[in-house]
Structures are given as C-alpha cells and as structure tokens.
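Participant: input05.cif is reproduced below (mmCIF, C-alpha atoms and all ligand atoms).
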data_work
#
loop_
_atom_site.label_atom_id
_atom_site.label_comp_id
_atom_site.auth_asym_id
_atom_site.auth_seq_id
_atom_site.Cartn_x
_atom_site.Cartn_y
_atom_site.Cartn_z
CA MET A 4 15.79 -25.64 -8.54
CA ASP A 5 12.68 -27.04 -6.95
CA LYS A 6 9.59 -24.92 -6.85
CA PRO A 7 9.81 -23.15 -3.51
CA VAL A 8 7.13 -23.49 -0.88
CA PHE A 9 7.81 -19.99 0.43
CA SER A 10 8.56 -16.77 -1.44
CA ILE A 11 9.84 -13.83 0.57
CA ILE A 12 9.57 -10.46 -1.15
CA ALA A 13 11.60 -7.45 -0.07
CA PRO A 14 11.39 -4.12 -1.92
CA ILE A 15 14.73 -2.34 -1.97
CA TYR A 16 15.31 1.36 -2.41
CA ASN A 17 18.80 2.37 -1.32
CA GLU A 18 19.18 -0.19 1.45
CA LEU A 19 22.89 -0.91 0.96
CA GLU A 20 23.74 -1.38 4.63
CA ASN A 21 20.67 -3.47 5.39
CA LEU A 22 20.93 -6.04 2.63
CA PRO A 23 23.54 -8.46 4.04
CA LEU A 24 21.82 -8.67 7.42
CA LEU A 25 18.38 -8.94 5.81
CA TYR A 26 19.59 -11.88 3.74
CA ALA A 27 21.27 -13.59 6.70
CA ARG A 28 18.31 -13.21 9.04
CA VAL A 29 15.76 -14.31 6.44
CA ARG A 30 17.93 -17.31 5.55
CA ASP A 31 18.34 -18.39 9.19
CA GLU A 32 14.62 -18.08 9.81
CA MET A 33 13.66 -19.91 6.62
CA GLU A 34 16.08 -22.77 7.23
CA LYS A 35 14.07 -23.55 10.36
CA THR A 36 11.02 -24.38 8.22
CA GLY A 37 12.88 -27.19 6.44
CA GLU A 38 11.16 -26.26 3.18
CA ALA A 39 12.44 -24.81 -0.08
CA TRP A 40 12.21 -21.02 -0.24
CA GLU A 41 13.21 -18.08 -2.41
CA LEU A 42 14.03 -14.49 -1.54
CA ILE A 43 12.91 -12.05 -4.22
CA LEU A 44 14.80 -8.78 -3.93
CA VAL A 45 13.11 -6.11 -6.00
CA ASP A 46 15.50 -3.27 -6.63
CA ASP A 47 13.31 -0.18 -7.02
CA GLY A 48 15.86 2.00 -8.80
CA SER A 49 18.49 2.19 -6.04
CA GLN A 50 21.40 4.55 -6.64
CA ASP A 51 23.58 3.69 -3.66
CA GLY A 52 25.11 0.45 -4.89
CA SER A 53 22.36 -1.80 -3.50
CA THR A 54 21.95 -3.23 -7.01
CA GLU A 55 25.50 -4.57 -6.98
CA VAL A 56 25.02 -6.15 -3.55
CA ILE A 57 21.80 -7.78 -4.75
CA ARG A 58 23.63 -9.26 -7.74
CA LYS A 59 26.36 -10.59 -5.46
CA LEU A 60 23.86 -12.18 -3.07
CA ALA A 61 22.14 -13.84 -6.03
CA ALA A 62 25.47 -15.13 -7.36
CA SER A 63 26.34 -16.72 -4.02
CA ASP A 64 22.91 -18.19 -3.29
CA ALA A 65 20.60 -19.36 -6.09
CA ARG A 66 17.60 -18.93 -3.81
CA VAL A 67 18.01 -15.16 -4.06
CA ARG A 68 16.22 -13.91 -7.17
CA PRO A 69 16.80 -10.31 -8.18
CA VAL A 70 14.25 -8.23 -10.04
CA ILE A 71 15.91 -4.97 -11.00
CA PHE A 72 13.75 -2.05 -12.09
CA ALA A 73 14.74 0.44 -14.77
CA ARG A 74 13.99 3.29 -12.34
CA ASN A 75 12.21 4.05 -9.08
CA PHE A 76 8.56 3.03 -9.40
CA GLY A 77 7.62 3.19 -5.72
CA HIS A 78 7.27 0.73 -2.89
CA GLN A 79 3.81 -0.64 -3.71
CA ILE A 80 4.78 -1.31 -7.32
CA ALA A 81 8.03 -2.99 -6.26
CA VAL A 82 6.09 -5.37 -4.02
CA THR A 83 3.67 -6.00 -6.90
CA ALA A 84 6.55 -7.08 -9.14
CA GLY A 85 7.67 -9.42 -6.36
CA LEU A 86 4.18 -10.97 -6.32
CA ASP A 87 4.25 -11.36 -10.11
CA TYR A 88 7.56 -13.23 -10.00
CA SER A 89 6.88 -15.26 -6.86
CA ARG A 90 6.50 -19.02 -7.17
CA GLY A 91 5.83 -20.17 -3.61
CA ASP A 92 2.65 -21.65 -2.17
CA ALA A 93 2.80 -18.89 0.40
CA VAL A 94 4.25 -15.43 -0.14
CA ILE A 95 5.66 -13.20 2.59
CA ILE A 96 6.15 -9.47 2.10
CA ILE A 97 8.76 -7.85 4.33
CA ASP A 98 10.48 -4.45 4.51
CA ALA A 99 14.19 -4.47 3.75
CA ASP A 100 15.17 -2.18 6.63
CA LEU A 101 14.56 -4.91 9.26
CA GLN A 102 11.78 -2.96 10.93
CA ASP A 103 9.77 -6.11 10.37
CA PRO A 104 11.87 -8.77 12.15
CA PRO A 105 12.33 -11.82 9.88
CA GLU A 106 11.97 -13.94 13.02
CA VAL A 107 8.21 -13.22 12.93
CA ILE A 108 7.89 -15.10 9.61
CA GLY A 109 7.76 -18.44 11.48
CA LYS A 110 4.66 -17.25 13.37
CA LEU A 111 3.00 -16.16 10.13
CA ILE A 112 3.70 -19.58 8.61
CA GLU A 113 2.25 -21.31 11.66
CA LYS A 114 -1.08 -19.55 11.12
CA TRP A 115 -0.98 -20.35 7.39
CA ARG A 116 -0.55 -24.02 8.25
CA GLU A 117 -3.64 -23.70 10.46
CA GLY A 118 -5.56 -22.78 7.33
CA TYR A 119 -5.56 -18.98 7.17
CA GLN A 120 -4.99 -17.52 3.71
CA VAL A 121 -3.89 -14.05 4.77
CA VAL A 122 -1.83 -13.62 7.92
CA TYR A 123 -1.00 -9.99 8.59
CA ALA A 124 1.41 -8.71 11.20
CA VAL A 125 -0.07 -6.14 13.58
CA ARG A 126 2.22 -3.56 15.17
CA THR A 127 1.65 -3.42 18.90
CA GLU A 128 4.68 -1.27 19.54
CA ARG A 129 6.90 0.85 17.39
CA GLU A 130 10.47 1.68 18.12
CA GLY A 131 12.74 4.41 16.84
CA GLU A 132 10.15 6.35 14.91
CA THR A 133 9.31 10.00 15.40
CA ARG A 134 6.18 10.89 17.30
CA PHE A 135 4.97 12.61 14.13
CA LYS A 136 5.28 9.37 12.15
CA THR A 137 3.47 7.22 14.70
CA ALA A 138 0.75 9.83 15.24
CA THR A 139 0.10 10.32 11.51
CA ALA A 140 0.22 6.58 10.89
CA SER A 141 -2.25 5.94 13.69
CA ALA A 142 -4.61 8.64 12.41
CA PHE A 143 -4.21 7.28 8.88
CA TYR A 144 -5.29 3.75 9.79
CA ARG A 145 -8.31 5.02 11.70
CA ILE A 146 -9.49 7.44 9.02
CA ILE A 147 -9.12 4.76 6.33
CA ASP A 148 -11.11 2.39 8.48
CA ARG A 149 -13.92 4.94 8.88
CA ILE A 150 -14.36 5.94 5.27
CA THR A 151 -13.49 2.90 3.18
CA ASP A 152 -15.97 0.20 2.26
CA ILE A 153 -13.83 -2.75 3.31
CA ARG A 154 -12.39 -3.71 6.67
CA ILE A 155 -8.67 -3.02 6.58
CA PRO A 156 -7.06 -4.14 9.84
CA LEU A 157 -5.72 -1.32 12.04
CA ASP A 158 -1.99 -0.74 12.62
CA THR A 159 -1.06 -3.17 9.89
CA GLY A 160 1.45 -2.54 7.16
CA ASP A 161 2.42 -4.68 4.22
CA PHE A 162 4.30 -7.20 6.39
CA ARG A 163 2.14 -10.29 5.84
CA LEU A 164 1.84 -13.77 4.45
CA MET A 165 -0.53 -14.50 1.60
CA ASP A 166 -1.57 -17.84 0.21
CA ARG A 167 -0.98 -18.57 -3.47
CA LYS A 168 -4.75 -18.28 -4.12
CA VAL A 169 -4.79 -14.72 -2.79
CA VAL A 170 -1.63 -13.80 -4.71
CA ASP A 171 -3.08 -15.13 -7.96
CA ILE A 172 -6.17 -12.97 -7.49
CA MET A 173 -4.09 -9.91 -6.60
CA LYS A 174 -2.09 -10.48 -9.78
CA THR A 175 -5.23 -9.90 -11.81
CA MET A 176 -5.77 -6.53 -10.09
CA ARG A 177 -3.60 -4.26 -12.21
CA GLU A 178 -4.60 -0.86 -10.84
CA ARG A 179 -1.83 1.69 -11.01
CA ASN A 180 -2.45 3.58 -7.81
CA ARG A 181 -2.13 0.71 -5.44
CA PHE A 182 -2.86 0.11 -1.80
CA LEU A 183 -1.85 -3.52 -1.37
CA ARG A 184 -3.12 -4.09 2.16
CA GLY A 185 -6.55 -2.90 1.06
CA MET A 186 -6.40 -5.14 -1.99
CA SER A 187 -5.48 -8.17 0.09
CA ALA A 188 -8.30 -7.41 2.56
CA TRP A 189 -10.65 -6.95 -0.40
CA THR A 190 -10.13 -10.54 -1.58
CA GLY A 191 -12.04 -11.62 1.52
CA PHE A 192 -10.16 -14.80 2.23
CA LYS A 193 -9.75 -16.19 5.72
CA GLN A 194 -7.58 -13.63 7.47
CA VAL A 195 -5.94 -13.39 10.85
CA GLY A 196 -3.50 -11.05 12.61
CA VAL A 197 -0.32 -11.87 14.48
CA GLU A 198 1.06 -9.23 16.86
CA TYR A 199 4.67 -8.10 16.75
CA LYS A 200 6.90 -5.31 17.87
CA ARG A 201 8.04 -3.08 15.03
CA GLU A 202 11.70 -2.34 15.50
CA ALA A 203 13.79 0.65 14.62
CA ARG A 204 15.33 0.87 11.17
CA HIS A 205 18.61 -1.07 11.13
CA ALA A 206 20.45 1.51 9.01
CA GLY A 207 19.71 4.44 6.72
CA GLU A 208 16.73 6.73 6.64
CA SER A 209 13.06 6.27 5.89
CA LYS A 210 12.29 6.28 2.18
CA TYR A 211 8.73 7.35 2.94
CA PRO A 212 8.66 11.12 3.27
CA LEU A 213 5.38 12.85 4.10
CA LYS A 214 4.65 13.38 0.40
CA LYS A 215 4.74 9.65 -0.37
CA MET A 216 2.70 8.89 2.74
CA LEU A 217 0.00 11.34 1.62
CA LYS A 218 -0.05 9.78 -1.84
CA LEU A 219 -0.47 6.31 -0.34
CA ALA A 220 -3.25 7.64 1.87
CA MET A 221 -5.03 9.15 -1.14
CA ASN A 222 -4.67 5.84 -3.01
CA ALA A 223 -6.21 4.06 -0.06
CA VAL A 224 -9.15 6.46 0.04
CA THR A 225 -9.82 6.70 -3.70
CA GLY A 226 -9.16 3.00 -4.25
CA PHE A 227 -11.67 1.81 -1.71
CA SER A 228 -14.21 4.56 -1.18
CA MET A 229 -16.49 7.03 -2.97
CA TRP A 230 -17.01 8.87 0.29
CA PRO A 231 -15.24 12.11 -0.76
CA LEU A 232 -17.49 12.34 -3.82
CA GLU A 233 -20.61 11.67 -1.77
CA LEU A 234 -19.48 14.27 0.73
CA ALA A 235 -19.45 16.88 -2.05
CA THR A 236 -23.09 16.12 -2.86
CA ARG A 237 -24.11 16.21 0.79
CA VAL A 238 -22.34 19.46 1.58
CA GLY A 239 -23.80 20.98 -1.61
CA ILE A 240 -27.35 20.02 -0.69
CA GLY A 241 -26.78 21.18 2.89
CA LEU A 242 -25.61 24.60 1.71
CA ILE A 243 -28.58 25.01 -0.62
CA ALA A 244 -30.94 24.21 2.25
CA LEU A 245 -29.12 26.67 4.50
CA ASP A 246 -29.27 29.33 1.82
CA PHE A 247 -32.98 28.82 1.42
CA ILE A 248 -33.59 29.28 5.12
CA GLY A 249 -31.41 32.40 5.00
CA LEU A 250 -33.45 33.77 2.13
CA ILE A 251 -36.72 33.34 4.01
CA VAL A 252 -35.30 34.92 7.17
CA VAL A 253 -34.04 37.90 5.17
CA ILE A 254 -37.41 38.39 3.45
CA ILE A 255 -39.30 38.23 6.73
CA LEU A 256 -36.93 40.56 8.57
CA SER A 257 -36.77 43.15 5.80
CA THR A 258 -40.55 43.29 5.26
CA ALA A 259 -42.02 42.69 8.71
CA ALA A 260 -39.27 44.03 10.98
CA ASP A 261 -37.93 46.63 8.54
CA VAL A 262 -34.29 45.57 9.05
CA ASP A 263 -31.69 46.97 6.63
CA PHE A 264 -29.18 44.48 5.24
CA HIS A 265 -25.78 45.91 4.36
CA GLY A 266 -22.74 43.83 5.17
CA LEU A 267 -20.43 43.91 2.17
CA ALA A 268 -17.73 42.27 4.29
CA THR A 269 -20.03 39.40 5.24
CA LEU A 270 -20.83 38.91 1.58
CA GLY A 271 -17.16 38.86 0.67
CA ILE A 272 -16.33 36.32 3.34
CA ILE A 273 -19.18 34.06 2.31
CA MET A 274 -18.18 34.27 -1.34
CA VAL A 275 -14.59 33.35 -0.61
CA PHE A 276 -15.78 30.49 1.57
CA LEU A 277 -17.98 29.18 -1.22
CA ALA A 278 -15.24 29.54 -3.82
CA GLY A 279 -12.91 27.61 -1.52
CA LEU A 280 -15.50 24.93 -1.04
CA ILE A 281 -16.08 24.58 -4.77
CA LEU A 282 -12.37 24.42 -5.54
CA THR A 283 -11.83 21.83 -2.81
CA PHE A 284 -14.44 19.56 -4.27
CA MET A 285 -13.13 20.15 -7.76
CA GLY A 286 -9.81 18.93 -6.36
CA VAL A 287 -11.54 15.83 -5.02
CA LEU A 288 -13.00 15.22 -8.47
CA GLY A 289 -9.53 15.76 -9.88
CA GLU A 290 -8.07 13.05 -7.65
CA TYR A 291 -10.51 10.55 -9.09
CA ILE A 292 -10.27 11.82 -12.68
CA GLY A 293 -6.46 11.79 -12.57
CA ARG A 294 -6.57 8.18 -11.51
CA ILE A 295 -9.04 7.33 -14.28
CA TYR A 296 -6.63 8.97 -16.74
CA ASP A 297 -3.77 6.93 -15.30
CA GLU A 298 -5.71 3.73 -15.83
CA ALA A 299 -6.84 4.77 -19.31
CA LYS A 300 -3.26 5.16 -20.48
CA GLY A 301 -2.76 1.49 -19.73
CA ARG A 302 1.01 1.71 -19.34
CA PRO A 303 2.82 -1.23 -17.80
CA LEU A 304 3.05 -1.05 -14.02
CA TYR A 305 6.84 -1.32 -14.03
CA ILE A 306 9.79 -2.00 -16.28
CA VAL A 307 12.28 -4.68 -15.36
CA ALA A 308 15.81 -3.94 -16.54
CA GLU A 309 17.26 -7.18 -15.28
CA GLY A 310 15.52 -10.17 -13.79
CA PRO A 311 14.35 -13.74 -14.06
CA GLU A 312 13.71 -14.90 -17.62
CA GLU A 313 9.97 -14.75 -17.13
CA PRO A 314 7.57 -14.74 -14.27
CA PHE A 315 7.12 -18.31 -13.20
CA ASN A 316 3.39 -17.61 -13.01
CA PRO A 317 2.83 -15.00 -15.68
CA ILE A 318 -0.14 -12.78 -15.09
CA ARG A 319 -2.99 -15.16 -15.54
CA LEU A 320 -4.04 -15.32 -19.13
CA ASP A 321 -7.61 -16.22 -18.37
CA LEU A 322 -8.30 -12.51 -18.05
CA PRO A 323 -10.91 -11.03 -20.36
CA PRO A 324 -9.35 -10.47 -23.80
CA ASP A 325 -9.36 -6.68 -23.48
CA ARG A 326 -7.12 -6.85 -20.41
CA LYS A 327 -4.52 -9.09 -22.03
CA ALA A 328 -1.18 -7.52 -22.82
N1 LIG B 1 10.95 1.34 -0.75
C1 LIG B 1 10.91 1.08 -2.11
N2 LIG B 1 10.68 2.13 -2.99
C2 LIG B 1 10.45 3.41 -2.55
C3 LIG B 1 10.45 3.65 -1.15
C4 LIG B 1 10.70 2.60 -0.28
O1 LIG B 1 11.10 -0.05 -2.55
O2 LIG B 1 10.25 4.28 -3.38
C5 LIG B 1 11.20 0.22 0.19
C6 LIG B 1 12.29 0.47 1.22
O3 LIG B 1 13.56 0.15 0.70
C7 LIG B 1 11.87 -0.45 2.36
C8 LIG B 1 10.36 -0.43 2.27
O4 LIG B 1 10.05 0.02 0.95
O5 LIG B 1 12.31 -1.78 2.16
C9 LIG B 1 9.72 0.46 3.30
O6 LIG B 1 10.27 1.76 3.21
P1 LIG B 1 10.72 2.60 4.50
O7 LIG B 1 11.33 1.69 5.52
O8 LIG B 1 11.58 3.71 4.04
O9 LIG B 1 9.34 3.16 5.01
P2 LIG B 1 8.92 3.41 6.55
O10 LIG B 1 9.19 2.15 7.29
O11 LIG B 1 9.75 4.54 7.01
O12 LIG B 1 7.47 3.74 6.46
MG MG B 2 10.96 1.24 7.34
#
Write the structure described by the file as structure tokens, please.
Facilitator:
Amino acid sequence: MDKPVFSIIAPIYNELENLPLLYARVRDEMEKTGEAWELILVDDGSQDGSTEVIRKLAASDARVRPVIFARNFGHQIAVTAGLDYSRGDAVIIIDADLQDPPEVIGKLIEKWREGYQVVYAVRTEREGETRFKTATASAFYRIIDRITDIRIPLDTGDFRLMDRKVVDIMKTMRERNRFLRGMSAWTGFKQVGVEYKREARHAGESKYPLKKMLKLAMNAVTGFSMWPLELATRVGIGLIALDFIGLIVVIILSTAADVDFHGLATLGIIMVFLAGLILTFMGVLGEYIGRIYDEAKGRPLYIVAEGPEEPFNPIRLDLPPDRKA
C-alpha cells in the first residue's frame, strides 16, 4: 500500500455501536480528498466486542489499521500510540463517538494546505452534554489558560490536524502524564482554529467520568506550569508577614493598652487552618513528586497486544542515547 497522505486516529474504548458509522463517515469524507489515507483504530482495552469489530473492519478494508492494547491505558495514551504508528503527511485526531463530525476534516485539511501546521477544531456549540460537563469544561479551559505558561486555545479538545513535522516532535516527548493539546501548542508551529459544532454522542455513554477529567486537568496543570508550587511559597511568605504584624499588635496591646489575650478557640481554629494549609501544599508537592516517580520508572507508555508489524516511523532514534529504548 502506498504511503498515505492522511492518517486519521481514533481512540476506542467500548465504542461498539459507533464503529461502523465512524468508519463509513470517515471513509466518505476522506474519499473526497482524492488522496491515500489510513484510519488507525487504537483499541484501548475495550471489553464490549469493539476489538472484534475493529478486526473485521481491517479485514474488509486494508486502509484500516488496528492497534490493539493489552489493557486500558487511557485516552491520551491511545492517541499517542496512534501518532507513533501514523504514516501520513498530516495526522487527524478524532473521537470515536462521532461528537467530532468527520465532515469537519475537509475544513482542517483546507487550512493545512494553506500552510498551517496545527489546525485545531474549536467548539462553538455543544449538543447533548450535561450542563455540569459544559460548565466544568469551560472552567477547565479558562483556568488552564490562566495558570499555564503556554497559550492553549480555549474550548478546544484533541480534535485537530497536525503536520508530520509536529507529530515527529511530539513523538520525542515521552512524558507519561500527558496533555496532548498542550504538547501540540507547546511545539509552537503555525497554528489556526476552525470552528465547529460539537454534536451529541452517537451511541453509548461518556468514557470520561469526573475522576478522569480531574486527572487530565492535573496533568495539564503540572505538565505546563509551576504555579501551584510558586503559590505555596507566596502563601507561606504572606502568612509569615501576617503573623509578624499580629505579633507586634499583640505586644503593643498587652503592654500599652493592658489587654488580656485568652481565646483558646481562636488558637484552635488557626492551628487547624494552618495544618490544612500545610497538608494542601504537601499534596501539591505530592502531585509533582508522584509524576517525577512515574517518569523515573521509565516504563513503556503502552503495550500493544496486536498491531502493525512495527511503527512505520519508529520513535526517532536521533534521541540522546540515554532516552533510547
Ligand atoms: N477513550 C479511550 N480510552 C479511555 C476513555 C475514552 O480511548 O479510557 C476514547 C473514547 O472511546 C472516545 C474518546 O476517547 O473515542 C473520547 O471519550 P468520550 O467520548 O467518552 O469523552 P467525552 O467526549 O465524554 O469527554
Ligand atoms: Mg465523547
């Protein structure tokens, strides 16, 4: 098979009912480009029979390339595997539940042809999602924007097109706790947004419960900002200053104005407050240290149980020797 011009990557975790339509809609859209393409379906440890459907799709169309994980490694890792195995000059990441309409891919490609290296899809409207989800997502994007050191576009998920150059750079970034949209913004290539309406899930339920969303949010923060650590220092210094002022006030009042200071309850409340503050910032430290530990272990990002013989572009071997496998 010819080397494809376009690689479409879809992470799959229990998307049985969505797969046939995903394939059909991606195929119809890609045929319009008149170029060779491949659809990389990364099975992230599905247990609902999606794996079998993926195998069948691959058997009936050689352009479908399955990458089947040994277990569930998480959405960001599944997309990463797709990037590792992709061969196209441009790579498109899309959700499997058809919330990102495949028909938008043409618009992304148009911008790529104009010379942009990252074309991200911006959600102007969202359909069929709970108010809680849209509200938390909106808050998430804005908080990340405030505290991280790079400009990550607002209301933008992983639905995007990336040029081969960007993908090759991302492939050298092997961090375990990943926030791909931050990483792609970090590369600093010529980027542009294309607006689209995010649709309701075609079938099934969201595979992103609050717990996973919080983890992703923490990855975004710790991956791209030291702000929580700096905050600890600032609050610490602020409290010391406050305490010092308090000390002076107490000395003056008790000597000059003869005020008696009792207030065991006040003391208790302040102590608990301080203990809480200290524990909170220890937790912040823990978030960073845990991630350092994760990196130090140096385990592979994912394990492929079944997939293409080898990545067409193996992770670039011009990495420093200590990072080579
Ligand atoms: N997904 C995955 N592994 C996971 C969770 C989700 O590969 O552990 C896939 C899922 O199948 C879908 C995409 O990631 O294709 C986005 O997930 P979902 O639609 O559930 O998230 P939401 O749109 O609700 O944020
Ligand atoms: Mg979804």
Participant: Can you pull out every residue with an atom within 9 Å of ligand LIG 1 (chain B)? Use only C-alpha atoms and all ligand atoms and format it as a compact mmCIF listing (two decimals) with C-alpha atoms, keeping the file's coordinate frame.
Facilitator:
# COMPACT_ATOMS: atom_id res chain seq x y z
CA ALA A 13 11.60 -7.45 -0.07
CA PRO A 14 11.39 -4.12 -1.92
CA ILE A 15 14.73 -2.34 -1.97
CA TYR A 16 15.31 1.36 -2.41
CA ASN A 17 18.80 2.37 -1.32
CA GLU A 18 19.18 -0.19 1.45
CA VAL A 45 13.11 -6.11 -6.00
CA ASP A 46 15.50 -3.27 -6.63
CA ASP A 47 13.31 -0.18 -7.02
CA GLY A 48 15.86 2.00 -8.80
CA SER A 49 18.49 2.19 -6.04
CA ASN A 75 12.21 4.05 -9.08
CA PHE A 76 8.56 3.03 -9.40
CA GLY A 77 7.62 3.19 -5.72
CA HIS A 78 7.27 0.73 -2.89
CA GLN A 79 3.81 -0.64 -3.71
CA ILE A 80 4.78 -1.31 -7.32
CA ALA A 81 8.03 -2.99 -6.26
CA VAL A 82 6.09 -5.37 -4.02
CA ILE A 97 8.76 -7.85 4.33
CA ASP A 98 10.48 -4.45 4.51
CA ALA A 99 14.19 -4.47 3.75
CA ASP A 100 15.17 -2.18 6.63
CA LEU A 101 14.56 -4.91 9.26
CA GLN A 102 11.78 -2.96 10.93
CA ASP A 103 9.77 -6.11 10.37
CA GLU A 132 10.15 6.35 14.91
CA LYS A 136 5.28 9.37 12.15
CA ALA A 140 0.22 6.58 10.89
CA GLY A 160 1.45 -2.54 7.16
CA ASP A 161 2.42 -4.68 4.22
CA ALA A 203 13.79 0.65 14.62
CA ARG A 204 15.33 0.87 11.17
CA GLY A 207 19.71 4.44 6.72
CA GLU A 208 16.73 6.73 6.64
CA SER A 209 13.06 6.27 5.89
CA LYS A 210 12.29 6.28 2.18
CA TYR A 211 8.73 7.35 2.94
CA PRO A 212 8.66 11.12 3.27
CA LYS A 215 4.74 9.65 -0.37
CA MET A 216 2.70 8.89 2.74
Participant: Quick one: residues within 9 Å of A:Val307, only C-alpha atoms, excluding same-chain residues fewer than 6 positions away - as a PyMOL selection string?
Facilitator: chain A and resi 70-74+84
Participant: Please identify all polymer residues within 12 Å of A:Ser89, counting all atoms listed in the file, omitting same-chain residues fewer than 5 positions from it, and present them as number ranges by chain.
Facilitator: A: 6-13, 40-45, 66-70, 82-84, 94-96, 165-167, 170-171, 174, 311, 313-318
Participant: Give me, please, the distance in Å between atom CA of A:Val169 and atom CA of A:Glu128, quoted to one decimal.
Facilitator: 27.7 Å
Participant: When you count all atoms listed in the file, which of these residues is closest to A:Ser63: A:Arg90, A:Pro23, A:Phe264, A:Asp152?
Facilitator: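 Smallest distance to A:Ser63 is found for A:Pro23.
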Participant: From the set A:Met221, A:Ala206, A:Leu256, A:Leu270, which residue has the shortest atom-to-atom contact distance to ligand MG 2 (chain B), counting all atoms listed in the file?
Facilitator: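 Counting all atoms listed in the file, the residue closest to ligand MG 2 (chain B) is A:Ala206.
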Participant: Excluding A:Gly301 and any residue of its chain fewer than 2 positions from it, enumerate the residues within 10 Å of it, using all atoms listed in the file, and give them as JSON, numbers by chain.
Facilitator: {"A": [177, 178, 179, 296, 297, 298, 299, 303, 304, 326, 328]}
Participant: Keeping only C-alpha atoms, take the residues you just selected and write them out as a PDB file, in the coordinates of the input.
Facilitator:
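Everything below was put into result.pdb:
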ATOM      1  CA  ARG A 177      -3.600  -4.260 -12.210  1.00  0.00           C
ATOM      2  CA  GLU A 178      -4.600  -0.860 -10.840  1.00  0.00           C
ATOM      3  CA  ARG A 179      -1.830   1.690 -11.010  1.00  0.00           C
ATOM      4  CA  TYR A 296      -6.630   8.970 -16.740  1.00  0.00           C
ATOM      5  CA  ASP A 297      -3.770   6.930 -15.300  1.00  0.00           C
ATOM      6  CA  GLU A 298      -5.710   3.730 -15.830  1.00  0.00           C
ATOM      7  CA  ALA A 299      -6.840   4.770 -19.310  1.00  0.00           C
ATOM      8  CA  PRO A 303       2.820  -1.230 -17.800  1.00  0.00           C
ATOM      9  CA  LEU A 304       3.050  -1.050 -14.020  1.00  0.00           C
ATOM     10  CA  ARG A 326      -7.120  -6.850 -20.410  1.00  0.00           C
ATOM     11  CA  ALA A 328      -1.180  -7.520 -22.820  1.00  0.00           C
TER      12      ALA A 328
END
Participant: For the atom pair atom CA of A:Glu233 and atom CA of A:Ala220, what is the interatomic distance in Å to one decimal place?
Facilitator: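 Taking atom CA of A:Glu233 as the start and atom CA of A:Ala220 as the end point, the length is 18.2 Å.
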Participant: Interatomic distance between atom CA of A:Val125 and atom CA of A:Thr36?
Facilitator: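 These atoms are spaced 22.0 Å apart.
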Participant: Here is a test: counting all atoms listed in the file, which residue of A:Asp261, A:Glu32, A:Glu20, A:Asp5 is nearest to A:Lys110?
Facilitator: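 Of A:Asp261, A:Glu32, A:Glu20, A:Asp5, the one nearest A:Lys110, counting all atoms listed in the file, is A:Glu32.
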Participant: Go through A:Arg126, A:Arg302, A:Arg134, A:Lys214 one by one, measure the shortest atom-to-atom distance of each to A:Glu202 using all atoms listed in the file, and give the residue with the smallest value.
Facilitator: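 For A:Glu202, the nearest of the candidates is A:Arg126.
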Participant: Which residues, written as a list of chain:residue names, have at least one atom at most 8 Å from A:Val121, with only C-alpha atoms counted and residues fewer than 2 positions away on the same chain left out?
Facilitator: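 Residues meeting the cut-off are A:Trp115, A:Tyr119, A:Tyr123, A:Arg163, A:Leu164, A:Met165, A:Asp166, A:Val169, A:Ser187, A:Phe192, A:Lys193, A:Gln194, A:Val195.
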Participant: When distances are computed from only C-alpha atoms, which of A:Leu22, A:Leu288, A:Leu217, A:Ile243 shows the smallest separation from A:Met229?
Facilitator: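 The closest residue to A:Met229 is A:Leu288.
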Participant: I need the residue nearest A:Ala93 from this list: A:Ala39, A:Ala138, A:Val262, A:Ile153. Use all atoms listed in the file for the distance.
Facilitator: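 Selected residue with least distance to A:Ala93: A:Ala39.
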Participant: In the coordinate frame of the file, compute which residues have an atom within 12 Å of (-3.4, 7.7, 9.0) when using all atoms listed in the file, and state them as a PyMOL selection string.
Facilitator: chain A and resi 135-150+157-160+213+216-221+223-224
Participant: Please return stretch 252-256 of chain A, rebuilt to all heavy atoms, as a compact mmCIF listing (two decimals), in the coordinates of the input.
Facilitator:
# COMPACT_ATOMS: atom_id res chain seq x y z
N VAL A 252 -35.55 34.06 6.00
CA VAL A 252 -35.30 34.92 7.17
C VAL A 252 -35.11 36.37 6.72
O VAL A 252 -35.69 37.30 7.29
CB VAL A 252 -34.08 34.42 7.97
CG1 VAL A 252 -33.69 35.44 9.04
CG2 VAL A 252 -34.37 33.07 8.60
N VAL A 253 -34.32 36.55 5.66
CA VAL A 253 -34.04 37.90 5.17
C VAL A 253 -35.33 38.57 4.69
O VAL A 253 -35.59 39.74 4.99
CB VAL A 253 -32.98 37.86 4.04
CG1 VAL A 253 -32.90 39.21 3.33
CG2 VAL A 253 -31.62 37.50 4.62
N ILE A 254 -36.14 37.82 3.96
CA ILE A 254 -37.41 38.39 3.45
C ILE A 254 -38.31 38.81 4.61
O ILE A 254 -38.82 39.94 4.65
CB ILE A 254 -38.16 37.37 2.55
CG1 ILE A 254 -37.37 37.18 1.24
CG2 ILE A 254 -39.58 37.85 2.23
CD1 ILE A 254 -37.90 36.06 0.35
N ILE A 255 -38.43 37.93 5.59
CA ILE A 255 -39.30 38.23 6.73
C ILE A 255 -38.79 39.46 7.49
O ILE A 255 -39.54 40.42 7.74
CB ILE A 255 -39.40 37.03 7.70
CG1 ILE A 255 -40.15 35.89 7.00
CG2 ILE A 255 -40.11 37.43 9.00
CD1 ILE A 255 -40.16 34.59 7.78
N LEU A 256 -37.48 39.44 7.79
CA LEU A 256 -36.93 40.56 8.57
C LEU A 256 -37.04 41.88 7.83
O LEU A 256 -37.33 42.91 8.42
CB LEU A 256 -35.48 40.27 8.94
CG LEU A 256 -35.26 39.21 10.03
CD1 LEU A 256 -33.77 39.06 10.32
CD2 LEU A 256 -36.00 39.56 11.32
